[in-house]
Amino acid sequence: MGYPLIENHGLIGDLQTAALVTMDGTIDWFCCPRFDSPSVFGALLDQEKGGHFTVRPESGTYATKQLYLPDTAILVTRFMTPSGAGEVVDFMPVTGGTATDRHRLVRMFRCVRGSMTFEIDIAPRFDYGRKPHTLHLTDRGAVFASEDLSLTLHVVREPEDERLLNSLSGDHDLHLSITLKAGQQRGMVMESAADGPPRDIRLAAFQEFFDDTMGYWRTWLGQSRYSGRWRETVERSAVTLKLMTYAPSGALVAAPTAGLPEQLGGERNWDYRFTWIRDASFSVYALLGLGFTEEARAFTGWLRDRVQEKAGGDGGPLNVMYRVDGSSDLYEETLDHWEGYERSAPVRIGNGAADQLQLDIYGEALDSIYFAHEHGIQLDTRGWTSLRTLLDWLIDHWDQAEEGLWETRGGRQHFTYGRVMSWVAFDRALRLATAHGRPAQSGRWAAERDKLYEQILTKGWDPGRGAFVQHYGSEVLDSSLLRMPTVGFITPDDPMWTSTLEAMDQELVTDSLVYRYNPEASPDGLRGSEGTFSLCTFMYVDALARAGRIDQARLVLEKMMTYANHLGLYSEEIGLTGRQLGNFPQAFTHLAFIDAALTLDAALNRARTGGR
């Protein structure tokens, strides 16, 4: 149907928004001015109505390759034809930490051998294709203007160049071509909220954009302390996570995309362009583990702001997710005029799960704040007061049914993982209070922690299965419980845990890949099935390494790395044929990969030195 594979994309961005570029040079997903803004290019979800910005060789036979320039977020798409070889170099100059509507997509075209004619199609579709636009051409570029947003196209050329925008232009879209010989380079800059009309950009200025962007990324990545066995892949994951971070607030989006299906043709198509509280513990561990203290500090600060807002407001439960600026209006609607990726409808924007009750987020919030505090990111007095208010709410509400980690829509249950993470919340609060002399309801917190512990052991454990189960009263296994030893609820060599892990080996693991749970045994309110969850596979690696099954952990990790795309990026799931499914790239998966690599590196090093 003309849709590229989900994995056949690279990601570029400027730390406030991002774009996907296919292996044939098409930008088919770009939201502006923020990650969670309406799309300008959305052909990824509707080839006919979504809009695109394509640069490729003129019609004919060509092969294509794609790579990132080392240690950067600058993407190079290479084309090989019988008459020559050319490249499209894509990047977005970094905007900085102040929110702005001004963003630039930079596309450099260059011929490296022979000659090449590049065909260029620019067809924006504003507001998910719901708002019309006009096209105004000048001899220096073009302006695409809709009701709320305009995009200005600046052309890169030298004085001796002939006029480029001279033919094949439609009423609303732009079509042109440019022929280059070996050694020649030209390009375009598409700018939102430009401060003037289209203008010529000289090659020297163009090169400055490139040099500044390359310098930024290499300087940033130079802070990494990771020197383990999977350095190149781990650092690519770090750059990918940075690309998904909204610099003005420090918030990390779950993915830069919306509506990509977990099952082709199915309805599990969610909007991930928001920030989940749950991601906090994973991101803080991963970022601090690699040495990116400022990023961990920024995200921890964003999380504390959400806690303080809730404590100073109605005192009710935390939202599951927020927009990158901390607002909580995530009204879910469907884009019925779009057919969806490979006709996977509905296409959803917004996320109705934002108002669900998911009790595990309290443990993840407290765990990340505790971990950050122990690594020098201090919790101030106001922050501590807010946490106490949060725990007051949790004391009164943890013992109830909820929607759970996987955001099921089939009714609330008493999920074991939610209880485990509630235990974590009280445990980490007690540690913070004890270590730093904070005023606290220590006796009550300890009583609630111990009550949770006993309840989990009696109601979350199924003696017949010899395993901890998904929710009370069920026999269903759930891979979220792979985190039980990670958070310290149980030791990795405890017989209750080793038998749980063995049960998961038999039921949830298939050729090293891991399912979340069996939806047939535990209906989640949605039709269809799904692939294995990449996040869960990396959590499995972590659990195996902690349990001493180091050789198996390494094999699972190495096999999982073969499912990454050509650039080292992962979406949410892996289908039966090895295709990537779900939103892309997914932050949770890359965070879990970093955590697994750190844990396994440490285990392998201990084994090499005899446990020292």
# chains A, B, ... in the order shown; residues from 1 in each chain; ligands from 1
$ residues_around --residues "Glu333 of chain A" --least-positions-apart "6" --cutoff "10 Å" --atoms "only C-alpha atoms" --output "list of chain:residue names"
A:Pro346, A:Val347, A:Arg348, A:Ile349, A:Gly350, A:Asn351, A:Gly352
$ write_last_selection --atoms "N, CA and C atoms" --output "mmCIF file, in the first residue's frame"
data_model
loop_
_atom_site.group_PDB
_atom_site.id
_atom_site.type_symbol
_atom_site.label_atom_id
_atom_site.label_comp_id
_atom_site.auth_asym_id
_atom_site.auth_seq_id
_atom_site.Cartn_x
_atom_site.Cartn_y
_atom_site.Cartn_z
ATOM 1 N N PRO A 346 -8.695 2.878 14.385
ATOM 2 C CA PRO A 346 -8.682 4.335 14.244
ATOM 3 C C PRO A 346 -7.310 4.937 14.533
ATOM 4 N N VAL A 347 -7.094 6.131 13.976
ATOM 5 C CA VAL A 347 -5.918 6.925 14.316
ATOM 6 C C VAL A 347 -6.316 7.825 15.482
ATOM 7 N N ARG A 348 -5.679 7.622 16.618
ATOM 8 C CA ARG A 348 -6.024 8.382 17.824
ATOM 9 C C ARG A 348 -5.001 9.474 18.088
ATOM 10 N N ILE A 349 -5.484 10.635 18.488
ATOM 11 C CA ILE A 349 -4.628 11.689 19.040
ATOM 12 C C ILE A 349 -5.186 12.049 20.412
ATOM 13 N N GLY A 350 -4.298 12.489 21.302
ATOM 14 C CA GLY A 350 -4.688 12.558 22.701
ATOM 15 C C GLY A 350 -4.650 11.157 23.282
ATOM 16 N N ASN A 351 -4.876 11.034 24.586
ATOM 17 C CA ASN A 351 -4.776 9.703 25.186
ATOM 18 C C ASN A 351 -5.720 9.601 26.374
ATOM 19 N N GLY A 352 -6.757 8.785 26.210
ATOM 20 C CA GLY A 352 -7.764 8.622 27.249
ATOM 21 C C GLY A 352 -7.264 7.937 28.490
#
$ select_by_dssp --residues "segment 119-227 of chain A" --states "helix (DSSP H, G or I)" --output "count of residues only"
23
$ atom_distance --atom1 "atom CA of His375 of chain A" --atom2 "atom CA of Pro248 of chain A"
22.9 Å
$ residues_around --residues "Arg444 of chain A" --least-positions-apart "6" --cutoff "10 Å" --atoms "only C-alpha atoms" --output "ChimeraX atom specification"
/A:392,395,426,450
$ residues_around --residues "Lys65 of chain A" --least-positions-apart "5" --cutoff "12 Å" --atoms "only C-alpha atoms" --output "short mmCIF file (atom, residue, chain, number, x, y, z; two decimals) with N, CA and C atoms, in the first residue's frame"
data_model
loop_
_atom_site.label_atom_id
_atom_site.label_comp_id
_atom_site.auth_asym_id
_atom_site.auth_seq_id
_atom_site.Cartn_x
_atom_site.Cartn_y
_atom_site.Cartn_z
N ASN A 8 12.00 1.43 8.91
CA ASN A 8 12.80 2.04 7.84
C ASN A 8 12.78 3.57 7.94
N HIS A 9 13.05 4.06 9.14
CA HIS A 9 13.08 5.50 9.39
C HIS A 9 14.27 5.84 10.29
N GLY A 10 14.72 7.08 10.13
CA GLY A 10 15.63 7.68 11.09
C GLY A 10 14.93 8.84 11.77
N THR A 22 12.37 8.64 6.02
CA THR A 22 12.43 7.27 5.51
C THR A 22 13.76 7.02 4.80
N MET A 23 13.98 5.76 4.47
CA MET A 23 15.20 5.38 3.77
C MET A 23 15.21 5.87 2.33
N ASP A 24 14.07 6.35 1.81
CA ASP A 24 14.08 6.92 0.46
C ASP A 24 13.98 8.44 0.49
N GLY A 25 14.32 9.05 1.64
CA GLY A 25 14.44 10.50 1.69
C GLY A 25 13.16 11.27 1.92
N LEU A 75 21.49 12.86 10.17
CA LEU A 75 21.13 11.66 9.42
C LEU A 75 21.53 11.81 7.96
N VAL A 76 22.16 10.79 7.41
CA VAL A 76 22.59 10.80 6.01
C VAL A 76 21.87 9.68 5.27
N THR A 77 21.14 10.03 4.23
CA THR A 77 20.49 9.05 3.36
C THR A 77 21.24 9.05 2.04
N ARG A 78 21.80 7.90 1.65
CA ARG A 78 22.66 7.80 0.47
C ARG A 78 21.91 7.09 -0.66
N PHE A 79 22.07 7.63 -1.86
CA PHE A 79 21.43 7.06 -3.05
C PHE A 79 22.52 6.67 -4.05
N MET A 80 22.43 5.46 -4.56
CA MET A 80 23.36 4.97 -5.58
C MET A 80 22.58 4.67 -6.86
N THR A 81 22.98 5.31 -7.96
CA THR A 81 22.33 5.10 -9.25
C THR A 81 23.40 4.77 -10.29
N ALA A 85 26.28 8.87 -7.44
CA ALA A 85 25.90 8.66 -6.05
C ALA A 85 25.66 10.01 -5.40
N GLY A 86 24.61 10.10 -4.61
CA GLY A 86 24.29 11.35 -3.94
C GLY A 86 23.83 11.11 -2.52
N GLU A 87 23.74 12.19 -1.75
CA GLU A 87 23.35 12.11 -0.35
C GLU A 87 22.37 13.23 0.00
N VAL A 88 21.45 12.92 0.89
CA VAL A 88 20.62 13.93 1.54
C VAL A 88 21.00 13.90 3.02
N HIS A 566 18.29 -0.42 11.18
CA HIS A 566 19.63 -0.21 10.63
C HIS A 566 20.39 0.90 11.34
N LEU A 567 19.68 1.70 12.14
CA LEU A 567 20.32 2.80 12.87
C LEU A 567 20.42 2.54 14.36
#
$ closest_residue --among "A:Leu576, A:Leu581, A:Val320, A:Ala298" --to "Leu260 of chain A" --atoms "only C-alpha atoms"
A:Leu581
$ select_by_dssp --residues "segment 85-227 of chain A" --states "strand (DSSP E or B)" --output "PyMOL selection string"
chain A and resi 85-91+104-123+131+134-138+141-145+150-156+169+174-181+185-192+200-201
$ closest_residue --among "A:Ile201, A:Ala258, A:Leu287, A:Val307" --to "Ser37 of chain A" --atoms "only C-alpha atoms"
A:Ala258
$ atom_distance --atom1 "atom CA of Trp220 of chain A" --atom2 "atom CA of Thr17 of chain A"
18.1 Å
$ atom_distance --atom1 "atom CA of Glu572 of chain A" --atom2 "atom CA of Ala587 of chain A"
8.7 Å
$ closest_residue --among "A:Ala255, A:Ala440, A:Met188, A:Ile456" --to "Leu569 of chain A" --atoms "only C-alpha atoms"
A:Ala255
$ residues_around --residues "Leu241 of chain A" --least-positions-apart "5" --cutoff "12 Å" --atoms "only C-alpha atoms" --output "PyMOL selection string"
chain A and resi 11-13+15+18+73+221+234-236+246-247+250-256+279+282-284+286-287+292+295-296+569-570+584-594
$ write_last_selection --atoms "C-alpha atoms" --output "tab-separated table (two decimals), in the first residue's frame"
chain	number	residue	atom	x	y	z
A	11	LEU	CA	14.89	10.37	13.67
A	12	ILE	CA	16.09	13.98	13.69
A	13	GLY	CA	15.10	16.74	16.10
A	15	LEU	CA	14.92	19.12	21.48
A	18	ALA	CA	11.25	15.86	15.85
A	73	ALA	CA	21.87	13.16	15.40
A	221	LEU	CA	27.71	12.79	23.95
A	234	VAL	CA	24.13	2.35	24.14
A	235	GLU	CA	25.27	5.81	23.06
A	236	ARG	CA	22.92	5.72	20.07
A	246	TYR	CA	11.60	18.65	25.45
A	247	ALA	CA	14.42	20.92	26.57
A	250	GLY	CA	13.16	18.41	30.75
A	251	ALA	CA	10.21	16.11	29.96
A	252	LEU	CA	10.77	12.97	27.90
A	253	VAL	CA	8.04	11.93	25.47
A	254	ALA	CA	7.23	8.23	25.24
A	255	ALA	CA	7.66	8.44	21.47
A	256	PRO	CA	7.51	11.22	18.88
A	279	ASP	CA	9.20	6.73	32.67
A	282	PHE	CA	13.82	4.28	34.12
A	283	SER	CA	15.10	7.58	32.77
A	284	VAL	CA	16.79	8.70	35.98
A	286	ALA	CA	19.65	5.28	32.75
A	287	LEU	CA	20.75	8.91	32.52
A	292	PHE	CA	24.10	12.64	32.03
A	295	GLU	CA	19.25	15.59	31.96
A	296	ALA	CA	18.42	13.53	35.06
A	569	LEU	CA	16.42	2.28	16.91
A	570	TYR	CA	13.53	0.33	18.44
A	584	PHE	CA	8.69	4.63	16.96
A	585	PRO	CA	11.19	5.06	18.41
A	586	GLN	CA	9.97	4.23	21.90
A	587	ALA	CA	11.75	5.85	24.85
A	588	PHE	CA	10.79	3.11	27.32
A	589	THR	CA	12.51	0.48	25.17
A	590	HIS	CA	15.72	2.48	24.82
A	591	LEU	CA	15.73	3.25	28.55
A	592	ALA	CA	15.28	-0.45	29.37
A	593	PHE	CA	18.07	-1.36	26.94
A	594	ILE	CA	20.47	1.00	28.71
$ residues_around --residues "Glu309 of chain A" --least-positions-apart "5" --cutoff "12 Å" --atoms "only C-alpha atoms" --output "list in words"
Trp302, Leu303, Arg304, Asp314, Gly315, Gly316, Pro317, Leu318, Asn319, Gly326, Ser327, Ser328, Arg382, Gly383, Thr385, Ser386, Leu387, Thr389 and Leu390 of chain A
$ write_last_selection --atoms "C-alpha atoms" --output "mmCIF file, in the first residue's frame"
data_model
loop_
_atom_site.group_PDB
_atom_site.id
_atom_site.type_symbol
_atom_site.label_atom_id
_atom_site.label_comp_id
_atom_site.auth_asym_id
_atom_site.auth_seq_id
_atom_site.Cartn_x
_atom_site.Cartn_y
_atom_site.Cartn_z
ATOM 1 C CA TRP A 302 9.752 18.208 35.973
ATOM 2 C CA LEU A 303 8.505 15.302 38.085
ATOM 3 C CA ARG A 304 8.760 17.275 41.329
ATOM 4 C CA ASP A 314 -6.892 19.011 45.085
ATOM 5 C CA GLY A 315 -4.522 16.538 46.727
ATOM 6 C CA GLY A 316 -5.902 13.807 44.485
ATOM 7 C CA PRO A 317 -4.019 11.192 42.493
ATOM 8 C CA LEU A 318 -1.225 12.047 40.112
ATOM 9 C CA ASN A 319 -2.070 12.002 36.439
ATOM 10 C CA GLY A 326 3.146 19.887 32.421
ATOM 11 C CA SER A 327 -0.449 20.543 31.366
ATOM 12 C CA SER A 328 -2.884 17.649 31.632
ATOM 13 C CA ARG A 382 8.992 22.098 49.491
ATOM 14 C CA GLY A 383 9.601 18.901 47.570
ATOM 15 C CA THR A 385 6.414 18.450 51.979
ATOM 16 C CA SER A 386 4.737 17.622 48.671
ATOM 17 C CA LEU A 387 5.874 14.009 48.853
ATOM 18 C CA THR A 389 1.021 14.924 50.924
ATOM 19 C CA LEU A 390 1.290 12.421 48.096
#
$ residues_around --residues "Pro485 of chain A" --least-positions-apart "3" --cutoff "10 Å" --atoms "only C-alpha atoms" --output "PyMOL selection string"
chain A and resi 481-482+488-494+497+542-543+546-547
$ write_last_selection --atoms "C-alpha atoms" --output "mmCIF file, in the first residue's frame"
data_model
loop_
_atom_site.group_PDB
_atom_site.id
_atom_site.type_symbol
_atom_site.label_atom_id
_atom_site.label_comp_id
_atom_site.auth_asym_id
_atom_site.auth_seq_id
_atom_site.Cartn_x
_atom_site.Cartn_y
_atom_site.Cartn_z
ATOM 1 C CA LEU A 481 6.836 -8.421 37.596
ATOM 2 C CA LEU A 482 10.323 -8.900 36.148
ATOM 3 C CA GLY A 488 14.400 -4.799 45.907
ATOM 4 C CA PHE A 489 11.065 -6.357 46.817
ATOM 5 C CA ILE A 490 12.569 -9.831 46.553
ATOM 6 C CA THR A 491 16.116 -11.122 46.145
ATOM 7 C CA PRO A 492 17.083 -12.599 42.771
ATOM 8 C CA ASP A 493 17.898 -15.985 44.316
ATOM 9 C CA ASP A 494 14.737 -16.308 46.407
ATOM 10 C CA TRP A 497 11.350 -15.547 42.490
ATOM 11 C CA ASP A 542 18.097 -7.510 33.548
ATOM 12 C CA ALA A 543 16.281 -10.176 35.583
ATOM 13 C CA ARG A 546 20.521 -10.496 38.499
ATOM 14 C CA ALA A 547 19.547 -14.165 38.895
#
$ closest_residue --among "A:Tyr341, A:Arg278, A:Thr61, A:Glu520" --to "Ala43 of chain A" --atoms "only C-alpha atoms"
A:Tyr341
$ closest_residue --among "A:Gly376, A:Pro33, A:Gly222, A:Pro159" --to "Leu203 of chain A" --atoms "only C-alpha atoms"
A:Pro159
$ closest_residue --among "A:Gly141, A:Gly301, A:Gly404, A:Gly50" --to "Gln378 of chain A" --atoms "only C-alpha atoms"
A:Gly301
$ decode --residues "segment 97-109 of chain A" --atoms "N, CA and C atoms" --output "PDB file, in the first residue's frame"
ATOM      1  N   GLY A  97      16.843  25.820  25.431  1.00  0.00           N
ATOM      2  CA  GLY A  97      15.910  25.538  26.501  1.00  0.00           C
ATOM      3  C   GLY A  97      14.740  26.488  26.616  1.00  0.00           C
ATOM      4  N   THR A  98      14.591  27.434  25.710  1.00  0.00           N
ATOM      5  CA  THR A  98      13.465  28.356  25.743  1.00  0.00           C
ATOM      6  C   THR A  98      12.443  27.942  24.695  1.00  0.00           C
ATOM      7  N   ALA A  99      11.196  27.765  25.121  1.00  0.00           N
ATOM      8  CA  ALA A  99      10.152  27.342  24.185  1.00  0.00           C
ATOM      9  C   ALA A  99       9.998  28.355  23.061  1.00  0.00           C
ATOM     10  N   THR A 100       9.901  27.853  21.835  1.00  0.00           N
ATOM     11  CA  THR A 100       9.784  28.724  20.674  1.00  0.00           C
ATOM     12  C   THR A 100       8.941  28.052  19.604  1.00  0.00           C
ATOM     13  N   ASP A 101       8.310  28.865  18.775  1.00  0.00           N
ATOM     14  CA  ASP A 101       7.591  28.343  17.611  1.00  0.00           C
ATOM     15  C   ASP A 101       8.487  28.255  16.381  1.00  0.00           C
ATOM     16  N   ARG A 102       9.716  28.739  16.504  1.00  0.00           N
ATOM     17  CA  ARG A 102      10.628  28.784  15.358  1.00  0.00           C
ATOM     18  C   ARG A 102      11.501  27.529  15.337  1.00  0.00           C
ATOM     19  N   HIS A 103      11.330  26.734  14.300  1.00  0.00           N
ATOM     20  CA  HIS A 103      12.089  25.495  14.147  1.00  0.00           C
ATOM     21  C   HIS A 103      12.526  25.351  12.695  1.00  0.00           C
ATOM     22  N   ARG A 104      13.658  24.697  12.478  1.00  0.00           N
ATOM     23  CA  ARG A 104      14.215  24.596  11.127  1.00  0.00           C
ATOM     24  C   ARG A 104      14.523  23.147  10.764  1.00  0.00           C
ATOM     25  N   LEU A 105      13.993  22.734   9.637  1.00  0.00           N
ATOM     26  CA  LEU A 105      14.369  21.467   9.017  1.00  0.00           C
ATOM     27  C   LEU A 105      15.420  21.783   7.952  1.00  0.00           C
ATOM     28  N   VAL A 106      16.604  21.243   8.109  1.00  0.00           N
ATOM     29  CA  VAL A 106      17.690  21.492   7.164  1.00  0.00           C
ATOM     30  C   VAL A 106      17.901  20.240   6.321  1.00  0.00           C
ATOM     31  N   ARG A 107      17.873  20.404   4.997  1.00  0.00           N
ATOM     32  CA  ARG A 107      18.070  19.291   4.076  1.00  0.00           C
ATOM     33  C   ARG A 107      19.154  19.674   3.081  1.00  0.00           C
ATOM     34  N   MET A 108      20.306  19.014   3.176  1.00  0.00           N
ATOM     35  CA  MET A 108      21.439  19.252   2.292  1.00  0.00           C
ATOM     36  C   MET A 108      21.450  18.168   1.216  1.00  0.00           C
ATOM     37  N   PHE A 109      21.594  18.590  -0.048  1.00  0.00           N
ATOM     38  CA  PHE A 109      21.714  17.645  -1.147  1.00  0.00           C
ATOM     39  C   PHE A 109      23.133  17.768  -1.705  1.00  0.00           C
TER      40      PHE A 109
END
